[in-house]
Amino acid sequence: MKLSAFSGIMVGIASILPALCAGASASAITLEQLNQAVPSRASDGSCAAVSTPSECTTNSRAVTAINHAITKYGVTSTGEIAALIALMAYESADWQYNINHYPGRPGQGTKAMLMYDFIEKYAQQVHQSETTRVLISGGGSDAAKNSVRELVLDDDDSFGAAFWYLTTQASAYHNNPAKLRAGNADDFKEYIVSGVNAGWDDKRMSIWSQVNSAFHG
């Protein structure tokens, strides 16, 4: 093979590698990956020491719920999965919380800490009849909001909320080759600030970096 031809092949390979990495996909995550991503919940006894043990979830349970959500909502991009795990780990303090305690907003919760307006939309989709019944009987009271939130706090629904939000409320970031690319920190920050409309701080980046390392080494 002529050197010029070989060089051309190498240039071609180099040009497609970023696209391959950006489009990396996964049909499931492993417990080993999640333990690397969120090490504080690697031990099955880790929830015993927190202030809200009834809300806390260990990785051995979380990995099952996350994989159910990956399948249910069709989120298979590793960039998207890493972003959602990082978002949830930040919002729930490593799976410790399921409801908002500070300042204690009525109806806010799940591992993604969705605000109540989104909680109601989510609950209407996954538990329509129960949600409608609560809303009719309770109106717009804080108690009714908390009751609606309670409908989506089991493991599958709580971890699934972030996936639901991405695919239904921020769909411009889902399956978009220019968004939430694997290993792209700027894409993650954009999603948090513009897709979720949440505040940004260095801790979010630290958590994302740890999660990203678990997926990409």
# chains A, B, ... in the order shown; residues from 1 in each chain; ligands from 1
$ select_by_dssp --residues "stretch 2-197 of chain A" --states "alpha helix (DSSP H)" --output "PyMOL selection string"
chain A and resi 3-22+31-37+59-73+78-91+116-126+128-138+142-150+155-164+185-190
$ closest_residue --among "A:Ala143, A:Ala93, A:Met115, A:Leu180" --to "A:Glu55" --atoms "only C-alpha atoms"
A:Ala93
$ closest_atom_pairs --of "stretch 37-156 of chain A" --to "stretch 24-33 of chain A" --cutoff "9 Å" --atoms "only C-alpha atoms" --output "CSV"
residue,atom,partner,partner_atom,distance
A:Ala37,CA,A:Gln33,CA,6.1
A:Val38,CA,A:Gln33,CA,8.6
A:Ala42,CA,A:Leu31,CA,8.6
A:Asn59,CA,A:Leu31,CA,6.9
A:Ser60,CA,A:Leu31,CA,6.6
A:Ala62,CA,A:Leu31,CA,8.8
A:Val63,CA,A:Leu31,CA,6.0
A:Thr64,CA,A:Leu31,CA,8.7
A:Ile66,CA,A:Ile29,CA,8.0
A:Asn67,CA,A:Ala28,CA,5.4
A:His68,CA,A:Ala28,CA,8.6
A:Ile70,CA,A:Ala28,CA,6.8
A:Thr71,CA,A:Ser27,CA,7.2
A:Gly74,CA,A:Ser27,CA,8.7
A:Val75,CA,A:Ser27,CA,8.3
A:Thr76,CA,A:Ala26,CA,5.1
A:Ser77,CA,A:Ser25,CA,4.3
A:Thr78,CA,A:Ser25,CA,5.1
A:Gly79,CA,A:Ala24,CA,7.5
A:Ile81,CA,A:Ala26,CA,8.6
$ atom_distance --atom1 "atom CA of A:Gln96" --atom2 "atom CA of A:Gly199"
20.0 Å
$ closest_atom_pairs --of "stretch 76-151 of chain A" --to "stretch 211-217 of chain A" --cutoff "8 Å" --atoms "only C-alpha atoms" --output "tab-separated table"
residue	atom	partner	partner_atom	distance
A:Thr78	CA	A:Phe215	CA	7.5
A:Ala82	CA	A:Asn212	CA	6.0
A:Ile85	CA	A:Val211	CA	7.3
A:Ala86	CA	A:Val211	CA	6.3
$ atom_distance --atom1 "atom CA of A:Phe163" --atom2 "atom CA of A:Ala112"
9.2 Å
$ closest_residue --among "A:Thr57, A:Ser40, A:Asn197, A:Thr131" --to "A:Asp156" --atoms "only C-alpha atoms"
A:Thr57
$ select_by_dssp --residues "stretch 28-204 of chain A" --states "strand (DSSP E or B)" --output "number ranges by chain"
A: 77, 99, 109, 114
$ write_last_selection --atoms "C-alpha atoms" --output "PDB file, in the first residue's frame"
ATOM      1  CA  SER A  77     -26.959   7.276  24.660  1.00  0.00           C
ATOM      2  CA  ILE A  99     -38.765  14.561  48.585  1.00  0.00           C
ATOM      3  CA  GLY A 109     -39.594  15.182  44.729  1.00  0.00           C
ATOM      4  CA  LEU A 114     -38.902  17.641  39.918  1.00  0.00           C
TER       5      LEU A 114
END
$ closest_residue --among "A:Ala83, A:Ala89, A:Leu151, A:Val193" --to "A:Ser129" --atoms "only C-alpha atoms"
A:Leu151
$ residues_around --residues "stretch 187-192 of chain A" --least-positions-apart "4" --cutoff "10 Å" --atoms "only C-alpha atoms" --output "PyMOL selection string"
chain A and resi 79-80+82-84+86-87+166+170+172-173+178-183+196-201+204-205+208
$ residues_around --residues "A:Leu153" --least-positions-apart "6" --cutoff "12 Å" --atoms "only C-alpha atoms" --output "ChimeraX atom specification"
/A:54-57,65,97-99,107-114,119,122-123,126-127,146-147,159-161
$ atom_distance --atom1 "atom CA of A:Tyr73" --atom2 "atom CA of A:Trp164"
6.7 Å
$ decode --residues "stretch 68-142 of chain A" --atoms "C-alpha atoms" --output "tab-separated table (two decimals), in the first residue's frame"
chain	number	residue	atom	x	y	z
A	68	HIS	CA	-35.90	-0.18	33.74
A	69	ALA	CA	-36.00	3.53	32.86
A	70	ILE	CA	-33.39	3.13	30.12
A	71	THR	CA	-35.62	0.53	28.49
A	72	LYS	CA	-38.95	2.24	29.16
A	73	TYR	CA	-37.94	5.66	27.82
A	74	GLY	CA	-35.49	4.54	25.15
A	75	VAL	CA	-32.56	6.50	26.54
A	76	THR	CA	-29.54	4.55	25.31
A	77	SER	CA	-26.96	7.28	24.66
A	78	THR	CA	-24.22	6.99	27.28
A	79	GLY	CA	-23.95	10.78	27.29
A	80	GLU	CA	-27.63	11.09	28.19
A	81	ILE	CA	-27.50	8.31	30.77
A	82	ALA	CA	-24.44	9.78	32.47
A	83	ALA	CA	-26.06	13.22	32.53
A	84	LEU	CA	-29.24	11.91	34.14
A	85	ILE	CA	-27.38	9.88	36.76
A	86	ALA	CA	-25.26	12.93	37.60
A	87	LEU	CA	-28.34	15.13	37.82
A	88	MET	CA	-30.12	12.70	40.15
A	89	ALA	CA	-27.06	12.09	42.32
A	90	TYR	CA	-26.76	15.85	42.86
A	91	GLU	CA	-30.44	16.53	43.46
A	92	SER	CA	-30.99	13.59	45.83
A	93	ALA	CA	-27.63	13.77	47.64
A	94	ASP	CA	-26.52	10.39	46.32
A	95	TRP	CA	-29.98	8.79	46.46
A	96	GLN	CA	-30.56	9.96	50.05
A	97	TYR	CA	-33.68	12.04	49.44
A	98	ASN	CA	-36.93	11.36	47.62
A	99	ILE	CA	-38.76	14.56	48.58
A	100	ASN	CA	-37.70	18.17	48.97
A	101	HIS	CA	-36.77	18.95	52.58
A	102	TYR	CA	-35.02	22.30	52.16
A	103	PRO	CA	-37.04	24.50	52.04
A	104	GLY	CA	-39.73	21.80	51.91
A	105	ARG	CA	-41.71	22.67	48.81
A	106	PRO	CA	-45.03	20.81	48.66
A	107	GLY	CA	-45.13	18.20	45.94
A	108	GLN	CA	-41.47	18.45	44.89
A	109	GLY	CA	-39.59	15.18	44.73
A	110	THR	CA	-38.30	12.00	43.06
A	111	LYS	CA	-34.57	11.43	42.70
A	112	ALA	CA	-34.60	14.20	40.09
A	113	MET	CA	-36.36	16.58	42.51
A	114	LEU	CA	-38.90	17.64	39.92
A	115	MET	CA	-40.94	20.69	40.82
A	116	TYR	CA	-44.60	20.02	41.48
A	117	ASP	CA	-45.90	21.12	38.06
A	118	PHE	CA	-43.76	18.41	36.48
A	119	ILE	CA	-44.61	15.91	39.21
A	120	GLU	CA	-48.28	16.30	38.35
A	121	LYS	CA	-47.66	15.85	34.62
A	122	TYR	CA	-45.50	12.82	35.31
A	123	ALA	CA	-48.01	11.26	37.68
A	124	GLN	CA	-50.82	11.85	35.19
A	125	GLN	CA	-48.86	9.87	32.63
A	126	VAL	CA	-47.78	6.93	34.77
A	127	HIS	CA	-50.68	6.76	37.27
A	128	GLN	CA	-53.49	8.62	35.58
A	129	SER	CA	-56.55	7.34	37.43
A	130	GLU	CA	-54.99	7.62	40.89
A	131	THR	CA	-53.69	11.10	40.15
A	132	THR	CA	-57.05	12.30	38.88
A	133	ARG	CA	-58.75	10.95	41.98
A	134	VAL	CA	-56.31	12.77	44.29
A	135	LEU	CA	-56.67	16.04	42.40
A	136	ILE	CA	-60.47	15.89	42.42
A	137	SER	CA	-60.66	15.17	46.13
A	138	GLY	CA	-57.86	17.46	47.26
A	139	GLY	CA	-57.97	20.35	44.84
A	140	GLY	CA	-54.80	22.37	44.81
A	141	SER	CA	-53.95	21.98	48.49
A	142	ASP	CA	-50.44	21.27	49.68
